[in-house]
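Working notes, beginning with the structure itself.
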Protein chains: 2
Amino acid sequence: MSNTLVISIDTMGGDNAPESVIDGVSRVALKDKDVFFFLYGDETQIKELADKYHLPDDRYKIHHTTDVIKGDAKPSVAVRSGRESSMWKAIMSVRNGYAKAVVSAGNTGALMAMSKICLGTLSGIDRPAIAGVLPTLNGPVVTLDLGANAECNSQNLVEFSIMGHVLHRVLFQSTQPSIGLLNIGSEETKGRDEIREAASVLKELNGKVNFIGFVEGNDICLGKSDIVVADGFSGNVALKTIEGTAKFITTSLKQTVRSSFLSSLGFLIARSALNKLKAKMDPRRYNGAMFLGLKGISVKSHGGADALAFSYAVEAAVRMARSNLCEKIKEELKHVMDVDVPDMSVEQ
Amino acid sequence: MSNTLVISIDTMGGDNAPESVIDGVSRVALKDKDVFFFLYGDETQIKELADKYHLPDDRYKIHHTTDVIKGDAKPSVAVRSGRESSMWKAIMSVRNGYAKAVVSAGNTGALMAMSKICLGTLSGIDRPAIAGVLPTLNGPVVTLDLGANAECNSQNLVEFSIMGHVLHRVLFQSTQPSIGLLNIGSEETKGRDEIREAASVLKELNGKVNFIGFVEGNDICLGKSDIVVADGFSGNVALKTIEGTAKFITTSLKQTVRSSFLSSLGFLIARSALNKLKAKMDPRRYNGAMFLGLKGISVKSHGGADALAFSYAVEAAVRMARSNLCEKIKEELKHVMDVDVPDMSVEQ
C-alpha cells in the first residue's frame, strides 16, 4: 500500500446519504486502484451499500459512528456537541495523519468550522476560503471565496489569489493561470478600497502570478480569467446567480420544447447534440467546493449530490491530495510573498 | 398641449447616437400621441434623422448643443467642464421644469453625477440608487442598487426597498410587491451586519411594505421576490453575472445548432417557438436603468442600445413621469417611515 492514498469520507452527510455517497465512492474506487477509503458512519448501512455498489472489500475500512451533524445545525453547536459525529471523526483522521483528505456532503458551516479547528489554518493565511470550479466559454474557472468570509480586506484577497493560482495549477495542470479580481468596472478607480489595494499588491507580484486586473460579473462565465477572486459575499452572489440564471433559461427552454408539436419534433431531432451540450454543462461535473488555506484537505460536496456528482468531489480531493496542495500553497506563499510588500507577513 | 408630457432626450450619448436615439424616439412618438420631445444635440444631424425616421415636426423641438460627454470621461471632469453638453442641458430642462424626465444612453457615471447636482436628492433619501428590471420565471423583477453605491449602510438598504416598492407599483400596476434583501443565506444569522439590521427595520415596516426576508443569488431569476434590494456592488455583480451566464448559454446553444446537420434541422423546425422565447427574454425589452431618489426623473439607456432598446428606456421614463414617481416616493417615505424607527429621519 505504499502509493495508496487514503481518503476519509463522511458517509452520513447530505440529502441522499449514505446511499449516493457509497455509490459515488465505489465509482472512484473502481476507476482508481490507488485510493483506499475510510468510511465514517453507520457500519450496517455502509456494509450493505458497499456490497450493493460493488465496492471491493480490500479498498475500504468502516469506522462506525453513531452521531450525525444535521443540515440545519449551527456550526458553533456542531463543533461543541458533535465530537462523536461521522463528520468530526472523518476530519480528525486527516488531522491525525491517517488520511490525506476528507470529503463530506453535510452541513457546510459545520464542515468549515470543524475543518478549521481540527486541521488549523496554514501559516501565512489570515482566513481560509471556499473555492469552486465553474464551466465557462473558455474552460473551467476557479472561483473563490464562495461564502466563507462575508467581508474581506485586501490581504485576504491577495491570499485568495495565490491559493486560487495554486489550485488551478493542481487541478488543470496549468502553468500561469490568469487571475482577475471581481469588481464593478474595469477602470482602476472603480469599486471598493480593499479591492483597489489588493490590485496594487497583485500588480507588484506580477511575474510570480499572472494578475490581469479587474473582471466584472459578465466576465466570469465568459472565462476572461482562469481564476476569479472575490470576497465571500459577492462570490456567493455570483455563484448562485449563475445557478439561478441557468435554471431560468433551461426551464424556459423546456417550456418551449413542450409548447408545440413542431418544437417537440425539432428538439427530438436535435437531441443528440443537445445531450452533448447538457453533459458539458452538467453541474455535477463541477461538484466539490474546496476549503483552501487549511493544513489539510477538506472538500464539501453539494448536499443534494447524486452518486456521479459525489464521485467528482472525491476525485477533486484525490487530485488535491496527490499533488500535496497544502504544501504547494505554503511554498507558493513563501515564493510569491518574498518581496517587499507592506503589511503582508508570511510567517506570523 | 395640456395633457402632453415633455421628455428631454440627450441625443448624443451612446454607441449608436444620434441615429438609434432618434429612431427610438420616433417609435415612441408614433405610438404615444401625448408625448413631446426636447432633443438636445447637433441640430443638423437631428433634423435629418427626424425626417428619416418620420418623427412628426410638431412633436419635437431641437435644442442645439455642441459639446458631447465622452463615454470614458470621469464624472467629476464631466460635471466641471461639460456644462455645454447635450447631457447637461437635457438634465437642466428637467430641473427648470420644462420637461418631466430625461433619457440618455451616455456615460453612466456622468449622468448620475449631473443628475444628482442638477435635480438634487429627495429629502429623506440619503443616497440615490440605480434600479433596473429583469425578466424572471415569475415576471419582471425590479433590482436595485445596480452600482451607484459600492458600499451601503442599513438605512440605504431600507430606503432602496421603499423606492423599489414604489417603482414596481408604478411600472407594473402592482399593489404590494414583495421585497427581498439579497444575502448569502436565508437564515437570519447569515450575511453582513447592515443587511441583518435592514431586515429588522423592514420587518417592523411590514403591513406598509411586503418584506419577505432574505433572497439569494439563485432566487433573482426565479422571481422569488418582485423586488431585489442589494448594495450597489453585489447588485452590479448579480446583474452582470446574469448577462454573462445568458450569453454563455446562448453562445453554447448556437454552437450546438451548428454542430451537426441533424441539430441544424431540429432547430430549424423548432424555430418559431424558439423565436418566441428569444423575444420574451430579449434584453432590449428591459433596457433602462432608473435613477431613484432624485427630485426628477433620469433614465439611463444601455450605451449599446439600438432603436428598439432605446424606445423601451423612453417608455419607462414616460411611465415614471406620468405617475409622478418622485412625488410618490416622497409620499411613500412619509407614509412608511411614520413609525418609531430609530435613526431614520424622514425630513432632514
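Simple scheme: letters A, B, ... for chains in C-alpha cells order, numbers from 1 for residues in each chain, numbers from 1 for ligands in the order shown.
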
- Just the alpha helix (DSSP H) stuff from stretch 48-161 of chain A, please, per backbone DSSP, written as a ChimeraX atom specification. /A:48-52,75-81,86-95,108-119,154-161

- Message: Quick check: residues of chain A within 8 Å of chain B, only C-alpha atoms, returned as JSON, numbers by chain.
- Response: {"A": [136, 137, 147, 150, 151, 183, 184, 191, 192, 216, 217, 218, 219, 220, 221, 222, 233, 234, 236, 237, 238, 239, 240, 241, 242, 243, 244, 245, 246, 247, 248, 249, 252, 253, 256, 257, 259, 260, 262, 263, 264, 265, 266, 267, 268, 269, 270, 271, 272, 273, 274, 277]}

- Message: At a cut-off of 7 Å, using only C-alpha atoms, what residues contact A:Ala230? Leave out same-chain residues fewer than 6 positions from it and give the result as a PyMOL selection string.
- Response: chain A and resi 144-145+157+181-182

Only C-alpha atoms, please: the residues just picked out, written as a PDB file, in the first residue's frame.
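File produced: out_0.pdb:
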```pdb
ATOM      1  CA  LEU A 144     -13.148  31.991  -4.589  1.00  0.00           C
ATOM      2  CA  ASP A 145     -14.250  32.948  -1.952  1.00  0.00           C
ATOM      3  CA  LEU A 157      -7.999  38.952  -1.411  1.00  0.00           C
ATOM      4  CA  LEU A 181     -10.334  40.480  -9.196  1.00  0.00           C
ATOM      5  CA  LEU A 182     -14.129  40.784  -9.259  1.00  0.00           C
TER       6      LEU A 182
END
```

- B:Ser76: which residues within 9 Å, counting only C-alpha atoms, same-chain residues fewer than 4 positions away excluded, as an MDAnalysis selection string? chainID B and resid 80:81 109:110 113

- Give me the residues within 7 Å of A:Thr121 as a ChimeraX atom specification, counting only C-alpha atoms and dropping any in the same chain fewer than 3 places off. /A:116,125,128,293-295

Filtering to C-alpha atoms, could you give me those residues as an mmCIF file, in the first residue's frame?
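again-v9.cif written:
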```
data_model
loop_
_atom_site.group_PDB
_atom_site.id
_atom_site.type_symbol
_atom_site.label_atom_id
_atom_site.label_comp_id
_atom_site.auth_asym_id
_atom_site.auth_seq_id
_atom_site.Cartn_x
_atom_site.Cartn_y
_atom_site.Cartn_z
ATOM 1 C CA LYS A 116 -10.620 24.968 10.780
ATOM 2 C CA ILE A 125 -3.047 32.681 5.650
ATOM 3 C CA PRO A 128 -9.406 30.181 4.759
ATOM 4 C CA GLY A 293 -5.853 27.788 3.455
ATOM 5 C CA LEU A 294 -6.056 24.896 5.905
ATOM 6 C CA LYS A 295 -3.270 22.497 6.901
#
```

- Task: Find the spatial neighbours of B:Val103, counting only C-alpha atoms, within a cut-off of 12 Å - ignore same-chain residues fewer than 2 positions away - and output them as a PyMOL selection string.
- Result: chain B and resi 6-14+21-22+24-25+37-40+86-91+93-94+99-101+105-108+111-112+115+287-291+296-303+310-318+320-321

- Contacts of B:Asp226 within 9 Å, only C-alpha atoms, excl. fewer than 3 positions in-chain, as number ranges by chain: B: 138-143, 165, 168, 177-180, 220, 223

File dump, residues just selected, C-alpha atoms, as an mmCIF file, in the first residue's frame:
```cif
data_model
loop_
_atom_site.group_PDB
_atom_site.id
_atom_site.type_symbol
_atom_site.label_atom_id
_atom_site.label_comp_id
_atom_site.auth_asym_id
_atom_site.auth_seq_id
_atom_site.Cartn_x
_atom_site.Cartn_y
_atom_site.Cartn_z
ATOM 1 C CA ASN B 138 -42.083 34.760 -12.282
ATOM 2 C CA GLY B 139 -42.472 38.024 -14.186
ATOM 3 C CA PRO B 140 -40.411 41.217 -14.191
ATOM 4 C CA VAL B 141 -38.348 41.950 -11.092
ATOM 5 C CA VAL B 142 -37.094 45.372 -10.003
ATOM 6 C CA THR B 143 -33.485 45.215 -8.793
ATOM 7 C CA HIS B 165 -41.653 49.200 -3.894
ATOM 8 C CA HIS B 168 -42.629 48.311 -9.093
ATOM 9 C CA PRO B 177 -44.959 43.792 -4.476
ATOM 10 C CA SER B 178 -42.749 41.529 -2.378
ATOM 11 C CA ILE B 179 -39.331 42.775 -1.291
ATOM 12 C CA GLY B 180 -36.318 40.505 -0.795
ATOM 13 C CA ILE B 220 -33.298 36.536 -8.519
ATOM 14 C CA GLY B 223 -38.512 35.573 -9.263
#
```

- Task: Mind giving me the straight-line distance from atom CA of A:Ser186 to atom CA of A:Val215 in Å, one decimal?
- Result: 6.3 Å

- Picked from stretch 134-270 of chain A by DSSP as strand (DSSP E or B), as a list in words: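 Answer for stretch 134-270 of chain A, restricted to strand (DSSP E or B): Leu134, Val141, Val142, Thr143, Leu144, Ser178, Ile179, Gly180, Leu181, Leu182, Asn206, Val209, Asn210, Phe211, Ile212, Gly213, Phe214, Val215, Ile227, Val228 and Val229 of chain A.
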